[in-house]
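Contents: one structure, followed by commentary.
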Amino acid sequence: MKLINIGFGNMISVARLIAIVSPDSAPIKRIIQEAKESGRLIDATYGRRTRAVIIMDSDHIILSAIQPETVANRLGDRPAEPEVPVED
């Protein structure tokens, strides 16, 4: 199970991730409000401005204070493999 950091030491499972979106559009704001009302909202912003909304396969909505691009880049980060010297 691969976990990624979504800010302030909070981690989510990559296998359960559906989408990472910006919170600016009206439909996303509506999704956030509905999740809040139904108890499915997880606020991981630590009081900072919401910059990414993470949608999980369990219908939970997670708010993060880091940019969606940063979260997406962390998805692609893999541990660096040691370089093998090439002998000529």
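Scheme for the structure tokens: letters A, B, ... for chains in order shown; per-chain residue numbers from 1; ligand numbers from 1 in order shown.
For region 57-67 of chain A, the list of residues within 7 Å, based on only C-alpha atoms and with local chain neighbours fewer than 2 positions off taken out, reads Ile6, Gly7, Arg16, Leu17, Ile18, Ile32, Ala35, Arg40, Leu41, Ile42, Asp43, Ala44, Thr45, Arg48, Arg49, Thr50, Arg51, Ala52, Val53, Ile54, Ile55, Glu69, Thr70 and Val71 of chain A.
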For the residues selected in the previous step, produce a file with N, CA, C and O atoms as an mmCIF file, in the first residue's frame.
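Result written to again.cif:
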data_model
loop_
_atom_site.group_PDB
_atom_site.id
_atom_site.type_symbol
_atom_site.label_atom_id
_atom_site.label_comp_id
_atom_site.auth_asym_id
_atom_site.auth_seq_id
_atom_site.Cartn_x
_atom_site.Cartn_y
_atom_site.Cartn_z
ATOM 1 N N ILE A 6 -0.115 14.596 2.084
ATOM 2 C CA ILE A 6 -0.975 15.663 1.566
ATOM 3 C C ILE A 6 -0.812 16.944 2.369
ATOM 4 O O ILE A 6 -1.631 17.842 2.285
ATOM 5 N N GLY A 7 0.262 17.009 3.140
ATOM 6 C CA GLY A 7 0.555 18.209 3.912
ATOM 7 C C GLY A 7 0.468 17.986 5.400
ATOM 8 O O GLY A 7 -0.403 17.257 5.869
ATOM 9 N N ARG A 16 -6.833 4.258 -2.930
ATOM 10 C CA ARG A 16 -8.210 4.695 -2.685
ATOM 11 C C ARG A 16 -8.524 6.040 -3.330
ATOM 12 O O ARG A 16 -9.644 6.518 -3.275
ATOM 13 N N LEU A 17 -7.536 6.664 -3.954
ATOM 14 C CA LEU A 17 -7.654 7.990 -4.542
ATOM 15 C C LEU A 17 -8.385 7.935 -5.884
ATOM 16 O O LEU A 17 -8.084 7.100 -6.723
ATOM 17 N N ILE A 18 -9.354 8.833 -6.063
ATOM 18 C CA ILE A 18 -10.066 8.934 -7.336
ATOM 19 C C ILE A 18 -9.645 10.178 -8.089
ATOM 20 O O ILE A 18 -9.299 10.113 -9.265
ATOM 21 N N ILE A 32 -18.158 19.792 -1.555
ATOM 22 C CA ILE A 32 -17.586 20.004 -0.221
ATOM 23 C C ILE A 32 -18.695 20.235 0.797
ATOM 24 O O ILE A 32 -18.687 19.652 1.894
ATOM 25 N N ALA A 35 -20.584 17.014 1.537
ATOM 26 C CA ALA A 35 -19.764 16.108 2.350
ATOM 27 C C ALA A 35 -19.731 16.584 3.807
ATOM 28 O O ALA A 35 -19.776 15.773 4.729
ATOM 29 N N ARG A 40 -18.821 13.366 5.798
ATOM 30 C CA ARG A 40 -17.814 12.687 4.986
ATOM 31 C C ARG A 40 -16.616 13.572 4.671
ATOM 32 O O ARG A 40 -15.737 13.182 3.909
ATOM 33 N N LEU A 41 -16.560 14.774 5.258
ATOM 34 C CA LEU A 41 -15.494 15.726 4.975
ATOM 35 C C LEU A 41 -14.357 15.570 5.982
ATOM 36 O O LEU A 41 -14.587 15.503 7.184
ATOM 37 N N ILE A 42 -13.130 15.505 5.469
ATOM 38 C CA ILE A 42 -11.934 15.455 6.305
ATOM 39 C C ILE A 42 -11.117 16.698 5.977
ATOM 40 O O ILE A 42 -10.658 16.860 4.849
ATOM 41 N N ASP A 43 -10.954 17.565 6.961
ATOM 42 C CA ASP A 43 -10.230 18.819 6.758
ATOM 43 C C ASP A 43 -8.801 18.648 7.253
ATOM 44 O O ASP A 43 -8.556 18.592 8.450
ATOM 45 N N ALA A 44 -7.856 18.567 6.324
ATOM 46 C CA ALA A 44 -6.442 18.392 6.666
ATOM 47 C C ALA A 44 -5.655 19.663 6.364
ATOM 48 O O ALA A 44 -4.467 19.609 6.073
ATOM 49 N N THR A 45 -6.323 20.826 6.440
ATOM 50 C CA THR A 45 -5.675 22.084 6.095
ATOM 51 C C THR A 45 -4.999 22.757 7.283
ATOM 52 O O THR A 45 -4.243 23.702 7.082
ATOM 53 N N ARG A 48 -5.500 26.496 7.311
ATOM 54 C CA ARG A 48 -5.013 27.271 6.166
ATOM 55 C C ARG A 48 -6.013 27.201 5.024
ATOM 56 O O ARG A 48 -6.989 26.468 5.069
ATOM 57 N N ARG A 49 -5.740 27.971 3.981
ATOM 58 C CA ARG A 49 -6.619 28.024 2.815
ATOM 59 C C ARG A 49 -6.614 26.672 2.079
ATOM 60 O O ARG A 49 -5.558 26.083 1.871
ATOM 61 N N THR A 50 -7.789 26.214 1.673
ATOM 62 C CA THR A 50 -7.910 24.971 0.915
ATOM 63 C C THR A 50 -7.419 25.204 -0.507
ATOM 64 O O THR A 50 -7.905 26.093 -1.200
ATOM 65 N N ARG A 51 -6.456 24.403 -0.936
ATOM 66 C CA ARG A 51 -5.923 24.534 -2.288
ATOM 67 C C ARG A 51 -6.168 23.299 -3.122
ATOM 68 O O ARG A 51 -6.115 23.360 -4.346
ATOM 69 N N ALA A 52 -6.421 22.150 -2.480
ATOM 70 C CA ALA A 52 -6.708 20.921 -3.216
ATOM 71 C C ALA A 52 -7.839 20.175 -2.524
ATOM 72 O O ALA A 52 -7.917 20.139 -1.295
ATOM 73 N N VAL A 53 -8.708 19.607 -3.329
ATOM 74 C CA VAL A 53 -9.790 18.759 -2.836
ATOM 75 C C VAL A 53 -9.519 17.357 -3.366
ATOM 76 O O VAL A 53 -9.377 17.160 -4.578
ATOM 77 N N ILE A 54 -9.425 16.399 -2.454
ATOM 78 C CA ILE A 54 -9.097 15.027 -2.821
ATOM 79 C C ILE A 54 -10.339 14.177 -2.633
ATOM 80 O O ILE A 54 -10.923 14.154 -1.546
ATOM 81 N N ILE A 55 -10.728 13.504 -3.696
ATOM 82 C CA ILE A 55 -11.924 12.672 -3.675
ATOM 83 C C ILE A 55 -11.485 11.215 -3.590
ATOM 84 O O ILE A 55 -10.696 10.752 -4.405
ATOM 85 N N GLU A 69 -1.241 20.256 -8.051
ATOM 86 C CA GLU A 69 -0.086 19.841 -8.839
ATOM 87 C C GLU A 69 0.978 19.200 -7.946
ATOM 88 O O GLU A 69 1.628 18.227 -8.339
ATOM 89 N N THR A 70 1.129 19.739 -6.743
ATOM 90 C CA THR A 70 2.110 19.192 -5.808
ATOM 91 C C THR A 70 1.708 17.785 -5.380
ATOM 92 O O THR A 70 2.544 16.874 -5.334
ATOM 93 N N VAL A 71 0.424 17.588 -5.089
ATOM 94 C CA VAL A 71 -0.059 16.256 -4.708
ATOM 95 C C VAL A 71 0.147 15.293 -5.877
ATOM 96 O O VAL A 71 0.623 14.167 -5.692
#
All helix (DSSP H, G or I) residues (DSSP, backbone) inside chain A, as an MDAnalysis selection string: chainID A and resid 14:16 26:38 68:76
Using DSSP on the backbone coordinates, identify all residues within chain A classified as strand (DSSP E); present the result as an mmCIF file with N, CA, C and O atoms, in the first residue's frame.
data_model
loop_
_atom_site.group_PDB
_atom_site.id
_atom_site.type_symbol
_atom_site.label_atom_id
_atom_site.label_comp_id
_atom_site.auth_asym_id
_atom_site.auth_seq_id
_atom_site.Cartn_x
_atom_site.Cartn_y
_atom_site.Cartn_z
ATOM 1 N N LEU A 3 1.438 5.246 0.319
ATOM 2 C CA LEU A 3 0.846 6.432 0.924
ATOM 3 C C LEU A 3 1.557 7.663 0.385
ATOM 4 O O LEU A 3 2.757 7.620 0.108
ATOM 5 N N ILE A 4 0.811 8.769 0.245
ATOM 6 C CA ILE A 4 1.432 10.028 -0.126
ATOM 7 C C ILE A 4 1.074 11.087 0.918
ATOM 8 O O ILE A 4 0.000 11.048 1.513
ATOM 9 N N ASN A 5 1.998 12.016 1.099
ATOM 10 C CA ASN A 5 1.822 13.098 2.052
ATOM 11 C C ASN A 5 0.966 14.185 1.409
ATOM 12 O O ASN A 5 1.278 14.661 0.321
ATOM 13 N N MET A 11 -1.307 11.591 5.578
ATOM 14 C CA MET A 11 -1.094 10.669 4.469
ATOM 15 C C MET A 11 -2.418 10.077 3.998
ATOM 16 O O MET A 11 -3.338 9.898 4.791
ATOM 17 N N ILE A 12 -2.467 9.792 2.687
ATOM 18 C CA ILE A 12 -3.630 9.088 2.138
ATOM 19 C C ILE A 12 -3.135 7.912 1.310
ATOM 20 O O ILE A 12 -2.010 7.914 0.805
ATOM 21 N N SER A 13 -3.990 6.929 1.156
ATOM 22 C CA SER A 13 -3.667 5.752 0.361
ATOM 23 C C SER A 13 -3.889 6.050 -1.116
ATOM 24 O O SER A 13 -4.972 6.483 -1.518
ATOM 25 N N LEU A 17 -7.536 6.664 -3.954
ATOM 26 C CA LEU A 17 -7.654 7.990 -4.542
ATOM 27 C C LEU A 17 -8.385 7.935 -5.884
ATOM 28 O O LEU A 17 -8.084 7.100 -6.723
ATOM 29 N N ILE A 18 -9.354 8.833 -6.063
ATOM 30 C CA ILE A 18 -10.066 8.934 -7.336
ATOM 31 C C ILE A 18 -9.645 10.178 -8.089
ATOM 32 O O ILE A 18 -9.299 10.113 -9.265
ATOM 33 N N ALA A 19 -9.646 11.348 -7.416
ATOM 34 C CA ALA A 19 -9.342 12.595 -8.119
ATOM 35 C C ALA A 19 -8.747 13.620 -7.164
ATOM 36 O O ALA A 19 -9.012 13.598 -5.956
ATOM 37 N N ILE A 20 -7.948 14.526 -7.750
ATOM 38 C CA ILE A 20 -7.403 15.680 -7.031
ATOM 39 C C ILE A 20 -7.827 16.897 -7.839
ATOM 40 O O ILE A 20 -7.443 17.026 -9.003
ATOM 41 N N VAL A 21 -8.625 17.771 -7.241
ATOM 42 C CA VAL A 21 -9.167 18.910 -7.980
ATOM 43 C C VAL A 21 -8.976 20.208 -7.203
ATOM 44 O O VAL A 21 -8.740 20.209 -6.002
ATOM 45 N N LEU A 41 -16.560 14.774 5.258
ATOM 46 C CA LEU A 41 -15.494 15.726 4.975
ATOM 47 C C LEU A 41 -14.357 15.570 5.982
ATOM 48 O O LEU A 41 -14.587 15.503 7.184
ATOM 49 N N ILE A 42 -13.130 15.505 5.469
ATOM 50 C CA ILE A 42 -11.934 15.455 6.305
ATOM 51 C C ILE A 42 -11.117 16.698 5.977
ATOM 52 O O ILE A 42 -10.658 16.860 4.849
ATOM 53 N N ASP A 43 -10.954 17.565 6.961
ATOM 54 C CA ASP A 43 -10.230 18.819 6.758
ATOM 55 C C ASP A 43 -8.801 18.648 7.253
ATOM 56 O O ASP A 43 -8.556 18.592 8.450
ATOM 57 N N ALA A 44 -7.856 18.567 6.324
ATOM 58 C CA ALA A 44 -6.442 18.392 6.666
ATOM 59 C C ALA A 44 -5.655 19.663 6.364
ATOM 60 O O ALA A 44 -4.467 19.609 6.073
ATOM 61 N N ALA A 52 -6.421 22.150 -2.480
ATOM 62 C CA ALA A 52 -6.708 20.921 -3.216
ATOM 63 C C ALA A 52 -7.839 20.175 -2.524
ATOM 64 O O ALA A 52 -7.917 20.139 -1.295
ATOM 65 N N VAL A 53 -8.708 19.607 -3.329
ATOM 66 C CA VAL A 53 -9.790 18.759 -2.836
ATOM 67 C C VAL A 53 -9.519 17.357 -3.366
ATOM 68 O O VAL A 53 -9.377 17.160 -4.578
ATOM 69 N N ILE A 54 -9.425 16.399 -2.454
ATOM 70 C CA ILE A 54 -9.097 15.027 -2.821
ATOM 71 C C ILE A 54 -10.339 14.177 -2.633
ATOM 72 O O ILE A 54 -10.923 14.154 -1.546
ATOM 73 N N ILE A 55 -10.728 13.504 -3.696
ATOM 74 C CA ILE A 55 -11.924 12.672 -3.675
ATOM 75 C C ILE A 55 -11.485 11.215 -3.590
ATOM 76 O O ILE A 55 -10.696 10.752 -4.405
ATOM 77 N N MET A 56 -12.016 10.516 -2.579
ATOM 78 C CA MET A 56 -11.642 9.133 -2.337
ATOM 79 C C MET A 56 -12.758 8.184 -2.789
ATOM 80 O O MET A 56 -13.906 8.594 -2.939
ATOM 81 N N ILE A 61 -14.332 13.210 1.237
ATOM 82 C CA ILE A 61 -13.722 14.356 0.584
ATOM 83 C C ILE A 61 -12.674 14.894 1.553
ATOM 84 O O ILE A 61 -12.984 15.172 2.718
ATOM 85 N N ILE A 62 -11.438 15.045 1.071
ATOM 86 C CA ILE A 62 -10.344 15.514 1.918
ATOM 87 C C ILE A 62 -9.876 16.868 1.406
ATOM 88 O O ILE A 62 -9.636 17.029 0.206
ATOM 89 N N LEU A 63 -9.761 17.838 2.316
ATOM 90 C CA LEU A 63 -9.264 19.159 1.966
ATOM 91 C C LEU A 63 -7.795 19.245 2.353
ATOM 92 O O LEU A 63 -7.418 18.844 3.451
ATOM 93 N N SER A 64 -6.980 19.779 1.424
ATOM 94 C CA SER A 64 -5.555 19.914 1.671
ATOM 95 C C SER A 64 -5.116 21.345 1.394
ATOM 96 O O SER A 64 -5.687 22.022 0.539
#
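Distance-wise, CA of Lys29 (chain A) and CA of Lys2 (chain A) end up 28.3 Å apart.
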